[in-house]
Amino acid sequence: MPAITAVGLGIPDRSYTQEEIFRGLGHRRIYWDLFASAGIEKRHLCLAPAEMVKTGPQDKHEHGQRFALDLSLKALRDCLGQDGVEPQRVDCLVFVCCTIGFQSPAMGWEIAYEMGMREDVVHIPIAGAGCAGAGPGLRRAWEFLRLNPLATAAVVTAEISNAAYHPSSDTGVILGNALFADGASCYLVRNGPGLSMLDFVELHDYAHRHTIAMVWDQASFKLVLPLRASELTTPMVRRVLDTLLRRSGLSLGDIGHFVFHSGGRSILDGASQELEIPRERMEHSYRVWREHGNMSSATVGFAVRSLLDSGELRPGDRVAIVTMGAGFTGQGILCRYTGGHRD
Amino acid sequence: MTDRTWDRIMRAARQVKGFREDGLNSATGIKDEKAHGMDSIGRVEFTLAIQDEFGIQIGDEELDQLSTLGDLVALLRTKAA
């Protein structure tokens, strides 16, 4: 069964406190509560907040391209290094991003060139899936592995908030400025021991397809974000998990570890309360939230890596990964840990 | 308290999810979530609604001076004068 055998991470060198970001962006004092109450200790950003404000559309685009490539390469090298896999062994490269805009060829071609990958690598670019992008990314890799059992796939998720920084006074945009950060994560997917992916669920709430979104506005991406996203995410997490469990004949008690998209503290709290999952069993998601904030599609990879590194996993443990994002979409992956190189 | 300024503050506050009006008075703390039911996001919405209701901007320094709903009443009366 195709499994996640390693997760690599890439973050900018510099991190900032909420107060540093708030001051740097120059928001009015009435918005401070959005930053102060987020429960984030620090966020990593490629550009200093005061620089983000100054950048025009062209600079944002170029920064987005450059920083996304930098962080992707960091994450990919970290990932391949853990399993001792040479870049030439990668048969399929999935690249997921929603913040840096569209380009042709997609960023995956740049990554493959920089890494010296083979010329017959199968590229699967995924844009527009928002924060939930790791779900379809991993699913495409899983499908590739089902057709090519001996193959190796890498799924890179990279997001650059600055590329989507918008000089708007819209409260949803300012909330985004209070929560989002830069980062990349990369999954190695192969048949073998690891976090075996048993089933996938993808659910869409089309009535809210415009509630969380990235739209084009004044030659820039602009984030559309409701102030109370947990009103959408909590029932979606419930629906995704219920569907996964029903299809597998399992109950919540059979899931040993929950990894949710760390999109906001209220999102994690909402899932914990609705599903009556003790916060301790979601600690990896909470830790990622505190230490990184929301890195959109890259976020959940940080929590998966944290879980893999924790030593908590035992062969046979079931893991539920749930991501949510624009659409409004929920993505769920039911996994079983089958051991790995850390054992 | 039944004056016009207070009524308009309450009208703005009713737009905020979770807001509870019962038992509020001029001594109620603006950040006292238990008293009025407005969380941190709600307080931002409340301040924006106040600005809309009264057609004013509350400056950073003015905001720092506000501790109670009575302080807000006084500020709004001053700005209206």
# chains A, B, ... in the order shown; residues from 1 in each chain; ligands from 1

$ select_by_dssp --residues "chain B" --states "helix (DSSP H, G or I)" --output "PyMOL selection string"
chain B and resi 4-13+33-36+40-54+60-65+69-80

$ residues_around --residues "range 19-31 of chain B" --least-positions-apart "3" --cutoff "10 Å" --atoms "only C-alpha atoms" --output "PyMOL selection string"
chain B and resi 1+6+10+13-16+34-40+42-43+46+66-74

$ interface_residues --of "chain A" --to "chain B" --cutoff "9 Å" --atoms "only C-alpha atoms" --output "PDB file with all heavy atoms, in the first residue's frame"
ATOM      1  N   ARG A  28      -4.164  49.493  12.146  1.00  0.00           N
ATOM      2  CA  ARG A  28      -4.735  50.296  13.217  1.00  0.00           C
ATOM      3  C   ARG A  28      -4.933  49.441  14.470  1.00  0.00           C
ATOM      4  O   ARG A  28      -5.146  48.225  14.398  1.00  0.00           O
ATOM      5  CB  ARG A  28      -6.069  50.899  12.764  1.00  0.00           C
ATOM      6  CG  ARG A  28      -5.907  51.953  11.679  1.00  0.00           C
ATOM      7  CD  ARG A  28      -7.255  52.459  11.231  1.00  0.00           C
ATOM      8  NE  ARG A  28      -8.029  52.928  12.356  1.00  0.00           N
ATOM      9  CZ  ARG A  28      -9.360  52.892  12.408  1.00  0.00           C
ATOM     10  NH1 ARG A  28     -10.041  52.404  11.407  1.00  0.00           N
ATOM     11  NH2 ARG A  28      -9.992  53.336  13.465  1.00  0.00           N
ATOM     12  N   ARG A  29      -4.899  50.119  15.602  1.00  0.00           N
ATOM     13  CA  ARG A  29      -4.932  49.450  16.902  1.00  0.00           C
ATOM     14  C   ARG A  29      -6.190  48.585  17.097  1.00  0.00           C
ATOM     15  O   ARG A  29      -6.149  47.593  17.828  1.00  0.00           O
ATOM     16  CB  ARG A  29      -4.874  50.532  17.992  1.00  0.00           C
ATOM     17  CG  ARG A  29      -4.754  50.000  19.398  1.00  0.00           C
ATOM     18  CD  ARG A  29      -3.330  49.639  19.727  1.00  0.00           C
ATOM     19  NE  ARG A  29      -3.212  49.053  21.057  1.00  0.00           N
ATOM     20  CZ  ARG A  29      -2.200  48.305  21.443  1.00  0.00           C
ATOM     21  NH1 ARG A  29      -1.209  48.074  20.617  1.00  0.00           N
ATOM     22  NH2 ARG A  29      -2.151  47.798  22.651  1.00  0.00           N
ATOM     23  N   ILE A  30      -7.286  48.953  16.458  1.00  0.00           N
ATOM     24  CA  ILE A  30      -8.519  48.199  16.674  1.00  0.00           C
ATOM     25  C   ILE A  30      -8.388  46.750  16.214  1.00  0.00           C
ATOM     26  O   ILE A  30      -9.160  45.907  16.633  1.00  0.00           O
ATOM     27  CB  ILE A  30      -9.744  48.839  15.970  1.00  0.00           C
ATOM     28  CG1 ILE A  30      -9.526  48.942  14.457  1.00  0.00           C
ATOM     29  CG2 ILE A  30     -10.068  50.191  16.551  1.00  0.00           C
ATOM     30  CD1 ILE A  30     -10.786  49.381  13.728  1.00  0.00           C
ATOM     31  N   TYR A  31      -7.393  46.470  15.369  1.00  0.00           N
ATOM     32  CA  TYR A  31      -7.238  45.107  14.877  1.00  0.00           C
ATOM     33  C   TYR A  31      -6.265  44.273  15.707  1.00  0.00           C
ATOM     34  O   TYR A  31      -6.036  43.104  15.413  1.00  0.00           O
ATOM     35  CB  TYR A  31      -6.775  45.120  13.409  1.00  0.00           C
ATOM     36  CG  TYR A  31      -7.771  45.771  12.488  1.00  0.00           C
ATOM     37  CD1 TYR A  31      -7.515  47.008  11.914  1.00  0.00           C
ATOM     38  CD2 TYR A  31      -8.987  45.157  12.210  1.00  0.00           C
ATOM     39  CE1 TYR A  31      -8.437  47.613  11.073  1.00  0.00           C
ATOM     40  CE2 TYR A  31      -9.918  45.754  11.367  1.00  0.00           C
ATOM     41  CZ  TYR A  31      -9.644  46.992  10.806  1.00  0.00           C
ATOM     42  OH  TYR A  31     -10.563  47.583   9.986  1.00  0.00           O
ATOM     43  N   TRP A  32      -5.670  44.862  16.725  1.00  0.00           N
ATOM     44  CA  TRP A  32      -4.649  44.145  17.505  1.00  0.00           C
ATOM     45  C   TRP A  32      -5.197  42.864  18.121  1.00  0.00           C
ATOM     46  O   TRP A  32      -4.521  41.847  18.190  1.00  0.00           O
ATOM     47  CB  TRP A  32      -4.066  45.066  18.581  1.00  0.00           C
ATOM     48  CG  TRP A  32      -3.227  44.335  19.593  1.00  0.00           C
ATOM     49  CD1 TRP A  32      -3.419  44.277  20.938  1.00  0.00           C
ATOM     50  CD2 TRP A  32      -2.048  43.530  19.338  1.00  0.00           C
ATOM     51  NE1 TRP A  32      -2.469  43.494  21.541  1.00  0.00           N
ATOM     52  CE2 TRP A  32      -1.613  43.025  20.573  1.00  0.00           C
ATOM     53  CE3 TRP A  32      -1.347  43.183  18.186  1.00  0.00           C
ATOM     54  CZ2 TRP A  32      -0.499  42.200  20.702  1.00  0.00           C
ATOM     55  CZ3 TRP A  32      -0.233  42.347  18.302  1.00  0.00           C
ATOM     56  CH2 TRP A  32       0.185  41.880  19.544  1.00  0.00           C
ATOM     57  N   ASP A  33      -6.474  42.903  18.562  1.00  0.00           N
ATOM     58  CA  ASP A  33      -7.062  41.704  19.175  1.00  0.00           C
ATOM     59  C   ASP A  33      -6.989  40.493  18.246  1.00  0.00           C
ATOM     60  O   ASP A  33      -6.876  39.358  18.697  1.00  0.00           O
ATOM     61  CB  ASP A  33      -8.521  41.952  19.557  1.00  0.00           C
ATOM     62  CG  ASP A  33      -8.659  42.422  21.017  1.00  0.00           C
ATOM     63  OD1 ASP A  33      -7.646  42.376  21.735  1.00  0.00           O
ATOM     64  OD2 ASP A  33      -9.758  42.843  21.400  1.00  0.00           O
ATOM     65  N   LEU A  34      -7.096  40.733  16.927  1.00  0.00           N
ATOM     66  CA  LEU A  34      -7.028  39.609  15.979  1.00  0.00           C
ATOM     67  C   LEU A  34      -5.662  38.931  16.038  1.00  0.00           C
ATOM     68  O   LEU A  34      -5.552  37.717  15.883  1.00  0.00           O
ATOM     69  CB  LEU A  34      -7.301  40.091  14.546  1.00  0.00           C
ATOM     70  CG  LEU A  34      -8.659  40.725  14.271  1.00  0.00           C
ATOM     71  CD1 LEU A  34      -8.742  41.174  12.816  1.00  0.00           C
ATOM     72  CD2 LEU A  34      -9.790  39.765  14.599  1.00  0.00           C
ATOM     73  N   ALA A  36      -3.401  39.367  18.742  1.00  0.00           N
ATOM     74  CA  ALA A  36      -3.068  38.985  20.115  1.00  0.00           C
ATOM     75  C   ALA A  36      -3.780  37.713  20.556  1.00  0.00           C
ATOM     76  O   ALA A  36      -3.231  36.920  21.317  1.00  0.00           O
ATOM     77  CB  ALA A  36      -3.416  40.137  21.060  1.00  0.00           C
ATOM     78  N   SER A  37      -5.002  37.536  20.060  1.00  0.00           N
ATOM     79  CA  SER A  37      -5.792  36.402  20.544  1.00  0.00           C
ATOM     80  C   SER A  37      -5.584  35.143  19.722  1.00  0.00           C
ATOM     81  O   SER A  37      -6.209  34.116  19.984  1.00  0.00           O
ATOM     82  CB  SER A  37      -7.278  36.774  20.519  1.00  0.00           C
ATOM     83  OG  SER A  37      -7.697  36.981  19.182  1.00  0.00           O
ATOM     84  N   THR A 171     -11.687  43.436   6.879  1.00  0.00           N
ATOM     85  CA  THR A 171     -11.352  42.759   8.136  1.00  0.00           C
ATOM     86  C   THR A 171     -10.889  41.322   7.900  1.00  0.00           C
ATOM     87  O   THR A 171     -10.005  40.826   8.593  1.00  0.00           O
ATOM     88  CB  THR A 171     -12.560  42.776   9.089  1.00  0.00           C
ATOM     89  OG1 THR A 171     -13.064  44.119   9.167  1.00  0.00           O
ATOM     90  CG2 THR A 171     -12.151  42.349  10.484  1.00  0.00           C
ATOM     91  N   LEU A 227     -14.583  35.842   9.449  1.00  0.00           N
ATOM     92  CA  LEU A 227     -14.008  36.052  10.781  1.00  0.00           C
ATOM     93  C   LEU A 227     -14.178  34.816  11.656  1.00  0.00           C
ATOM     94  O   LEU A 227     -13.405  34.599  12.574  1.00  0.00           O
ATOM     95  CB  LEU A 227     -14.662  37.266  11.439  1.00  0.00           C
ATOM     96  CG  LEU A 227     -14.292  38.615  10.823  1.00  0.00           C
ATOM     97  CD1 LEU A 227     -14.955  39.755  11.573  1.00  0.00           C
ATOM     98  CD2 LEU A 227     -12.783  38.810  10.823  1.00  0.00           C
ATOM     99  N   ARG A 228     -15.193  34.036  11.375  1.00  0.00           N
ATOM    100  CA  ARG A 228     -15.439  32.849  12.204  1.00  0.00           C
ATOM    101  C   ARG A 228     -15.431  31.597  11.331  1.00  0.00           C
ATOM    102  O   ARG A 228     -16.470  30.959  11.109  1.00  0.00           O
ATOM    103  CB  ARG A 228     -16.759  33.011  12.950  1.00  0.00           C
ATOM    104  CG  ARG A 228     -16.742  34.216  13.890  1.00  0.00           C
ATOM    105  CD  ARG A 228     -18.030  34.416  14.623  1.00  0.00           C
ATOM    106  NE  ARG A 228     -18.007  35.684  15.314  1.00  0.00           N
ATOM    107  CZ  ARG A 228     -17.387  35.895  16.479  1.00  0.00           C
ATOM    108  NH1 ARG A 228     -16.776  34.896  17.081  1.00  0.00           N
ATOM    109  NH2 ARG A 228     -17.384  37.081  17.036  1.00  0.00           N
TER     110      ARG A 228
END
